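The structure file final.cif is reproduced below (mmCIF, C-alpha atoms and all ligand atoms).
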data_input
#
loop_
_atom_site.label_atom_id
_atom_site.label_comp_id
_atom_site.auth_asym_id
_atom_site.auth_seq_id
_atom_site.Cartn_x
_atom_site.Cartn_y
_atom_site.Cartn_z
CA MET A 3 -197.52 39.83 0.28
CA THR A 4 -199.29 38.20 -2.66
CA ILE A 5 -200.00 34.56 -3.22
CA ASN A 6 -200.24 32.61 -6.42
CA THR A 7 -203.66 30.97 -6.42
CA ALA A 8 -203.97 30.37 -10.16
CA PRO A 9 -204.95 26.70 -10.09
CA ALA A 10 -206.80 26.77 -6.77
CA ALA A 11 -210.49 27.43 -6.09
CA VAL A 12 -209.62 28.22 -2.48
CA ALA A 13 -206.18 28.64 -0.95
CA ALA A 14 -204.80 29.48 2.45
CA GLN A 15 -201.21 30.47 3.07
CA SER A 16 -199.69 30.30 6.52
CA ILE A 17 -202.92 31.12 8.29
CA THR A 18 -203.02 31.41 12.05
CA LYS A 19 -206.01 31.88 14.31
CA THR A 20 -205.81 32.19 18.08
CA PHE A 21 -208.67 32.39 20.55
CA GLY A 22 -208.52 33.71 24.11
CA THR A 23 -205.80 35.68 25.84
CA GLU A 24 -202.73 34.90 27.96
CA ASP A 25 -203.34 31.68 29.90
CA THR A 26 -206.56 30.80 28.03
CA LYS A 27 -204.85 31.13 24.66
CA VAL A 28 -205.67 28.41 22.11
CA ALA A 29 -204.00 28.23 18.68
CA ALA A 30 -207.01 26.94 16.73
CA LEU A 31 -205.02 27.22 13.47
CA ASP A 32 -201.25 27.16 13.59
CA ASP A 33 -199.58 28.10 10.29
CA VAL A 34 -201.92 26.22 7.94
CA SER A 35 -201.22 26.29 4.19
CA ILE A 36 -203.60 24.41 1.93
CA ALA A 37 -205.05 24.66 -1.57
CA PHE A 38 -208.23 23.15 -3.02
CA ARG A 39 -208.30 22.55 -6.76
CA PRO A 40 -211.43 23.24 -8.83
CA GLY A 41 -213.67 20.18 -9.01
CA ASP A 42 -212.15 18.45 -6.00
CA PHE A 43 -214.39 17.08 -3.26
CA THR A 44 -212.35 17.25 -0.04
CA ALA A 45 -213.28 16.10 3.45
CA ILE A 46 -211.66 17.82 6.43
CA MET A 47 -211.31 15.49 9.39
CA GLY A 48 -209.56 15.35 12.73
CA PRO A 49 -210.19 14.98 16.45
CA SER A 50 -212.61 17.24 18.28
CA GLY A 51 -210.99 20.64 18.76
CA SER A 52 -208.44 20.11 15.97
CA GLY A 53 -209.58 23.27 14.15
CA LYS A 54 -211.90 21.94 11.42
CA SER A 55 -214.71 24.47 11.94
CA THR A 56 -212.25 27.31 12.43
CA LEU A 57 -210.50 26.40 9.17
CA MET A 58 -213.81 26.25 7.30
CA HIS A 59 -214.95 29.57 8.74
CA CYS A 60 -211.67 31.25 7.82
CA LEU A 61 -211.67 29.78 4.28
CA ALA A 62 -215.26 30.98 3.76
CA GLY A 63 -214.60 34.47 5.11
CA LEU A 64 -216.99 33.91 8.01
CA ASP A 65 -214.12 34.53 10.41
CA THR A 66 -210.90 36.52 10.09
CA VAL A 67 -207.38 35.15 10.36
CA ASP A 68 -204.72 36.62 12.68
CA ALA A 69 -201.95 36.11 10.15
CA GLY A 70 -201.56 34.70 6.66
CA GLN A 71 -203.91 34.98 3.70
CA VAL A 72 -206.97 33.28 2.27
CA ALA A 73 -207.92 33.53 -1.38
CA VAL A 74 -211.18 32.48 -3.04
CA SER A 75 -211.08 32.30 -6.84
CA SER A 76 -207.74 34.15 -6.80
CA THR A 77 -209.25 37.03 -4.79
CA VAL A 78 -207.47 37.59 -1.49
CA ILE A 79 -210.25 37.92 1.08
CA SER A 80 -208.08 38.57 4.15
CA GLY A 81 -208.47 42.22 5.07
CA MET A 82 -211.61 42.75 2.94
CA SER A 83 -214.41 44.90 4.37
CA ASP A 84 -217.50 43.12 5.70
CA HIS A 85 -219.52 44.55 2.84
CA ASP A 86 -217.15 43.27 0.15
CA LEU A 87 -216.90 39.91 1.91
CA THR A 88 -220.68 39.57 1.94
CA LEU A 89 -220.83 40.26 -1.78
CA LEU A 90 -218.01 37.80 -2.49
CA ARG A 91 -219.63 35.09 -0.37
CA ARG A 92 -222.92 35.58 -2.19
CA SER A 93 -221.37 35.24 -5.62
CA HIS A 94 -218.56 32.74 -5.00
CA ILE A 95 -219.48 30.52 -2.07
CA GLY A 96 -222.31 28.10 -1.31
CA PHE A 97 -223.07 26.77 2.16
CA ILE A 98 -224.71 23.56 3.31
CA PHE A 99 -225.17 23.16 7.06
CA GLN A 100 -226.27 20.28 9.24
CA ALA A 101 -229.41 22.23 10.20
CA PHE A 102 -230.36 22.97 6.54
CA ASN A 103 -230.93 26.69 7.36
CA LEU A 104 -233.96 27.11 5.12
CA VAL A 105 -236.33 30.06 5.54
CA PRO A 106 -239.51 28.48 6.98
CA THR A 107 -241.95 30.92 5.38
CA LEU A 108 -240.57 30.47 1.85
CA ASN A 109 -241.39 27.53 -0.40
CA ALA A 110 -238.65 25.31 -1.84
CA ARG A 111 -238.22 27.31 -5.04
CA ASP A 112 -237.97 30.62 -3.20
CA ASN A 113 -235.45 29.13 -0.76
CA ILE A 114 -233.34 27.84 -3.66
CA VAL A 115 -233.28 31.18 -5.51
CA LEU A 116 -232.87 33.29 -2.35
CA PRO A 117 -229.12 33.99 -2.78
CA LEU A 118 -229.74 35.19 -6.34
CA ASP A 119 -232.72 37.29 -5.21
CA LEU A 120 -230.57 38.86 -2.51
CA ALA A 121 -227.92 39.65 -5.08
CA GLY A 122 -230.52 41.05 -7.50
CA ALA A 123 -229.33 38.50 -10.06
CA LYS A 124 -231.39 36.63 -12.65
CA VAL A 125 -232.10 32.93 -12.26
CA ASP A 126 -230.66 30.76 -15.02
CA GLU A 127 -233.87 28.75 -15.48
CA ALA A 128 -232.23 25.97 -17.50
CA TRP A 129 -229.60 25.45 -14.79
CA PHE A 130 -232.30 25.69 -12.11
CA ASP A 131 -234.35 22.98 -13.88
CA GLN A 132 -231.30 20.75 -14.28
CA ILE A 133 -230.34 20.99 -10.60
CA VAL A 134 -233.89 20.55 -9.36
CA ASP A 135 -234.42 17.58 -11.67
CA THR A 136 -231.12 15.96 -10.64
CA LEU A 137 -232.06 16.43 -6.99
CA GLY A 138 -235.58 15.04 -7.53
CA LEU A 139 -237.27 18.21 -6.29
CA THR A 140 -239.33 19.12 -9.35
CA ASP A 141 -242.68 18.26 -7.76
CA ARG A 142 -241.76 19.74 -4.37
CA LEU A 143 -241.04 23.32 -5.39
CA THR A 144 -244.21 24.82 -3.94
CA HIS A 145 -243.79 23.04 -0.60
CA LYS A 146 -242.62 24.90 2.50
CA PRO A 147 -239.77 23.33 4.50
CA HIS A 148 -242.12 21.87 7.15
CA GLN A 149 -243.92 19.98 4.36
CA LEU A 150 -240.67 18.30 3.30
CA SER A 151 -238.73 15.40 4.82
CA GLY A 152 -235.27 16.02 6.29
CA GLY A 153 -233.65 14.58 3.18
CA GLN A 154 -235.77 16.77 0.90
CA GLN A 155 -234.93 19.84 2.99
CA GLN A 156 -231.23 19.05 2.69
CA ARG A 157 -231.65 18.60 -1.08
CA VAL A 158 -233.21 22.09 -1.21
CA ALA A 159 -230.15 23.37 0.67
CA VAL A 160 -227.86 21.58 -1.82
CA ALA A 161 -229.78 23.11 -4.76
CA ARG A 162 -229.52 26.56 -3.17
CA ALA A 163 -225.77 26.10 -2.74
CA LEU A 164 -225.24 24.96 -6.36
CA LEU A 165 -227.52 27.42 -8.18
CA THR A 166 -225.07 30.33 -8.14
CA ARG A 167 -222.33 28.07 -9.62
CA PRO A 168 -220.09 29.08 -6.73
CA ALA A 169 -216.33 28.66 -6.85
CA VAL A 170 -216.70 26.47 -3.79
CA VAL A 171 -219.39 24.83 -1.67
CA PHE A 172 -218.68 24.44 2.05
CA ALA A 173 -220.60 21.65 3.75
CA ASP A 174 -220.51 21.43 7.54
CA GLU A 175 -221.61 17.94 8.68
CA PRO A 176 -224.22 17.97 5.88
CA THR A 177 -225.59 14.54 6.79
CA GLY A 178 -225.45 14.95 10.57
CA ALA A 179 -229.23 15.31 10.87
CA LEU A 180 -230.15 12.64 8.30
CA ASP A 181 -230.73 8.89 8.53
CA SER A 182 -228.02 6.86 6.85
CA ASN A 183 -229.91 6.16 3.59
CA THR A 184 -230.87 9.80 3.07
CA GLY A 185 -227.37 10.86 4.11
CA ALA A 186 -225.89 8.53 1.49
CA GLU A 187 -228.14 10.08 -1.16
CA VAL A 188 -227.03 13.61 -0.27
CA LEU A 189 -223.36 12.55 -0.29
CA GLU A 190 -223.77 10.89 -3.68
CA LEU A 191 -225.28 14.16 -4.97
CA LEU A 192 -222.34 16.13 -3.63
CA ALA A 193 -219.89 13.67 -5.17
CA SER A 194 -221.65 13.83 -8.55
CA SER A 195 -221.75 17.63 -8.51
CA ALA A 196 -217.96 17.56 -8.14
CA ARG A 197 -217.48 14.75 -10.69
CA ASP A 198 -220.06 15.82 -13.30
CA MET A 199 -220.35 19.59 -12.82
CA GLY A 200 -216.79 20.39 -11.70
CA GLN A 201 -218.04 21.80 -8.42
CA THR A 202 -215.38 22.30 -5.73
CA ILE A 203 -216.62 21.00 -2.38
CA ILE A 204 -215.06 21.23 1.06
CA MET A 205 -216.85 19.19 3.71
CA VAL A 206 -216.20 19.01 7.43
CA THR A 207 -217.24 15.66 8.87
CA HIS A 208 -216.60 13.27 11.74
CA ASP A 209 -218.00 10.34 9.77
CA PRO A 210 -215.52 8.08 7.93
CA HIS A 211 -218.35 6.75 5.74
CA ALA A 212 -219.22 10.30 4.67
CA ALA A 213 -215.53 11.11 4.04
CA ALA A 214 -215.31 8.04 1.77
CA TYR A 215 -217.46 9.90 -0.80
CA ALA A 216 -214.76 12.58 -1.13
CA ASP A 217 -211.77 12.47 -3.51
CA LYS A 218 -209.41 13.26 -0.69
CA VAL A 219 -209.25 13.72 3.05
CA VAL A 220 -207.21 16.39 4.83
CA LEU A 221 -206.33 15.49 8.42
CA LEU A 222 -206.02 18.16 11.09
CA LYS A 223 -204.62 17.85 14.57
CA ASP A 224 -203.95 20.63 17.07
CA GLY A 225 -204.60 23.29 14.44
CA ALA A 226 -202.15 21.89 11.89
CA VAL A 227 -202.48 19.81 8.72
CA VAL A 228 -200.92 16.48 9.64
CA GLY A 229 -201.83 14.30 6.68
CA HIS A 230 -203.76 13.63 3.47
CA LEU A 231 -205.52 10.61 2.02
CA ASP A 232 -206.30 10.19 -1.68
CA ASP A 233 -209.28 8.08 -2.77
CA PRO A 234 -210.29 7.43 0.82
CA ASN A 235 -212.50 4.59 1.96
CA ALA A 236 -214.06 4.17 5.39
CA ASP A 237 -211.30 1.73 6.49
CA SER A 238 -208.40 3.92 5.40
CA VAL A 239 -210.03 6.94 7.06
CA LEU A 240 -210.61 5.02 10.30
CA ALA A 241 -207.00 3.82 10.30
CA ALA A 242 -205.69 7.35 9.69
CA LEU A 243 -207.87 8.76 12.50
CA ALA A 244 -206.73 5.99 14.85
CA GLU A 245 -203.13 6.99 14.15
CA LEU A 246 -204.04 10.55 15.21
CA GLY A 247 -205.33 9.19 18.49
CA GLU A 248 -209.05 9.65 17.69
N1 LIG B 1 -215.00 31.32 19.62
C1 LIG B 1 -214.07 30.62 20.27
N2 LIG B 1 -213.55 31.06 21.44
C2 LIG B 1 -212.59 30.39 22.10
N3 LIG B 1 -212.05 29.23 21.65
C3 LIG B 1 -212.52 28.73 20.50
C4 LIG B 1 -213.55 29.39 19.75
N4 LIG B 1 -213.80 28.65 18.63
C5 LIG B 1 -212.98 27.59 18.69
N5 LIG B 1 -212.20 27.63 19.79
C6 LIG B 1 -211.16 26.66 20.17
O1 LIG B 1 -210.33 26.44 19.05
C7 LIG B 1 -210.01 25.07 18.90
C8 LIG B 1 -210.50 24.55 17.56
O2 LIG B 1 -211.92 24.57 17.56
P1 LIG B 1 -212.78 24.08 16.32
O3 LIG B 1 -214.22 24.29 16.66
O4 LIG B 1 -212.27 24.70 15.08
O5 LIG B 1 -212.45 22.51 16.28
P2 LIG B 1 -213.20 21.34 15.54
O6 LIG B 1 -212.14 20.45 15.00
O7 LIG B 1 -214.18 21.89 14.56
O8 LIG B 1 -213.95 20.64 16.74
P3 LIG B 1 -215.27 19.72 16.76
O9 LIG B 1 -214.93 18.49 15.98
O10 LIG B 1 -215.44 19.41 18.22
O11 LIG B 1 -216.40 20.52 16.18
C9 LIG B 1 -210.65 24.37 20.11
O12 LIG B 1 -209.69 24.22 21.11
C10 LIG B 1 -211.76 25.31 20.52
O13 LIG B 1 -212.04 25.19 21.88
#
Would you write out, as structure tokens, the structure that this file holds?
Amino acid sequence: MTINTAPAAVAAQSITKTFGTEDTKVAALDDVSIAFRPGDFTAIMGPSGSGKSTLMHCLAGLDTVDAGQVAVSSTVISGMSDHDLTLLRRSHIGFIFQAFNLVPTLNARDNIVLPLDLAGAKVDEAWFDQIVDTLGLTDRLTHKPHQLSGGQQQRVAVARALLTRPAVVFADEPTGALDSNTGAEVLELLASSARDMGQTIIMVTHDPHAAAYADKVVLLKDGAVVGHLDDPNADSVLAALAELGE
């Protein structure tokens, strides 16, 4: 089977993921089809256990699907070897996690360029300078993570995710460990990287205020896509979640 992913940065077709066996069986994803267009900033929301993390992991090739297909930049990743998946993730996908995931012994610059170093690729210094300047990190590049605030550490993680110009950035509760002002700054940066740099962003969040920064919200329940919101605001997101029984 092939899927037409031409306009999509990331697409899933009829993906299914089940955990457990027999009586402990849970359908974490139940026939999910979804496409994310280049430059869209999408928030994935839904009740606890609705499948948000599983969907993100399957879309990013961090977990395999039982059935269906996932494509990143028109490349079908379902069925790829671990080696090929690693290479594709390095070149096409950026990650931002709640816990920042910086290497403690490396300074900010070395953390930011790490994916390119691992890939043996050259740093585009002009792009590096632009990102670092936009993120306000220029005078922090020689600092190690423990010498940076939480917000600065997350900005380093955002810079690292953007530097490879990935087809898509996955953000998993990126503001979960930040105070609300710093969180708002990071969300504004994500929104502007979609708006001004055409970066595709897929963010999992529980926070309606965080989701309001996105262009759209995808609602999951019981492993299925049950709704969408365009131009969300915190009130419309809260109302939609309430309807899902959150
Ligand atoms: N490794 C696993 N083994 C067994 N069951 C799992 C595993 N990972 C997820 N599940 C189950 O799959 C379902 C979806 O889980 P998932 O973590 O994707 O939901 P979620 O929407 O991200 O939840 P939360 O908001 O609580 O983080 C849940 O019922 C969960 O218990």
What box, with edges along x, y and z, holds each listed atom of ligand LIG 1 (chain B) when 6 Å is added on every side, and can you state its centre and edge lengths in Å to one decimal, as JSON?
{"center_x": -213.0, "center_y": 24.9, "center_z": 18.3, "size_x": 18.7, "size_y": 24.8, "size_z": 19.5}
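Shortest separation to Thr56 in chain A among A:Ile133, A:Ala226, A:Ala212, A:Pro176 occurs at residue A:Ala226, atoms counted being all atoms listed in the file.
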* Using all atoms listed in the file, which residue out of A:Ala193, A:Ile203, A:Leu31, A:Ile95 lies closest to ligand LIG 1 (chain B)? ->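 Result for the nearest residue to ligand LIG 1 (chain B): A:Leu31.
Remark: for Thr77 in chain A, the closest of the candidate residues A:Ala13, A:His59, A:Arg39, A:Leu108 is A:Ala13 (distances computed over all atoms listed in the file).
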* Go through the chains and note each residue within 7 Å of ligand LIG 1 (chain B), using all atoms listed in the file, then give the set as number ranges by chain. => A: 21-22, 28-30, 48-57, 208, 225
* If you measure from CA of Gly138 in chain A to CA of Met205 in chain A, what distance in Å do you get, rounded to one decimal? ->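 Between these atoms lies a distance of 22.2 Å.
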Could you give me range 129-144 of chain A completed to N, CA and C atoms, formatted as an mmCIF file, in the frame of the given file?
data_model
loop_
_atom_site.group_PDB
_atom_site.id
_atom_site.type_symbol
_atom_site.label_atom_id
_atom_site.label_comp_id
_atom_site.auth_asym_id
_atom_site.auth_seq_id
_atom_site.Cartn_x
_atom_site.Cartn_y
_atom_site.Cartn_z
ATOM 1 N N TRP A 129 -230.468 26.003 -15.831
ATOM 2 C CA TRP A 129 -229.600 25.450 -14.790
ATOM 3 C C TRP A 129 -230.438 25.080 -13.560
ATOM 4 N N PHE A 130 -231.385 25.961 -13.224
ATOM 5 C CA PHE A 130 -232.300 25.690 -12.110
ATOM 6 C C PHE A 130 -233.016 24.353 -12.352
ATOM 7 N N ASP A 131 -233.590 24.202 -13.571
ATOM 8 C CA ASP A 131 -234.350 22.980 -13.880
ATOM 9 C C ASP A 131 -233.444 21.747 -13.796
ATOM 10 N N GLN A 132 -232.219 21.904 -14.285
ATOM 11 C CA GLN A 132 -231.300 20.750 -14.280
ATOM 12 C C GLN A 132 -230.973 20.317 -12.844
ATOM 13 N N ILE A 133 -230.686 21.308 -11.996
ATOM 14 C CA ILE A 133 -230.340 20.990 -10.600
ATOM 15 C C ILE A 133 -231.541 20.363 -9.892
ATOM 16 N N VAL A 134 -232.686 20.993 -10.051
ATOM 17 C CA VAL A 134 -233.890 20.550 -9.360
ATOM 18 C C VAL A 134 -234.288 19.143 -9.823
ATOM 19 N N ASP A 135 -234.107 18.898 -11.120
ATOM 20 C CA ASP A 135 -234.420 17.580 -11.670
ATOM 21 C C ASP A 135 -233.434 16.545 -11.124
ATOM 22 N N THR A 136 -232.149 16.885 -11.151
ATOM 23 C CA THR A 136 -231.120 15.960 -10.640
ATOM 24 C C THR A 136 -231.387 15.632 -9.173
ATOM 25 N N LEU A 137 -231.843 16.629 -8.431
ATOM 26 C CA LEU A 137 -232.060 16.430 -6.990
ATOM 27 C C LEU A 137 -233.446 15.852 -6.683
ATOM 28 N N GLY A 138 -234.256 15.636 -7.728
ATOM 29 C CA GLY A 138 -235.580 15.040 -7.530
ATOM 30 C C GLY A 138 -236.527 15.947 -6.763
ATOM 31 N N LEU A 139 -236.437 17.256 -7.035
ATOM 32 C CA LEU A 139 -237.270 18.210 -6.290
ATOM 33 C C LEU A 139 -238.362 18.847 -7.145
ATOM 34 N N THR A 140 -238.441 18.424 -8.416
ATOM 35 C CA THR A 140 -239.330 19.120 -9.350
ATOM 36 C C THR A 140 -240.759 19.246 -8.835
ATOM 37 N N ASP A 141 -241.285 18.175 -8.221
ATOM 38 C CA ASP A 141 -242.680 18.260 -7.760
ATOM 39 C C ASP A 141 -242.787 18.681 -6.288
ATOM 40 N N ARG A 142 -241.731 19.267 -5.763
ATOM 41 C CA ARG A 142 -241.760 19.740 -4.370
ATOM 42 C C ARG A 142 -241.545 21.238 -4.255
ATOM 43 N N LEU A 143 -241.490 21.921 -5.410
ATOM 44 C CA LEU A 143 -241.040 23.320 -5.390
ATOM 45 C C LEU A 143 -241.982 24.271 -4.678
ATOM 46 N N THR A 144 -243.270 23.904 -4.594
ATOM 47 C CA THR A 144 -244.210 24.820 -3.940
ATOM 48 C C THR A 144 -244.399 24.452 -2.463
#
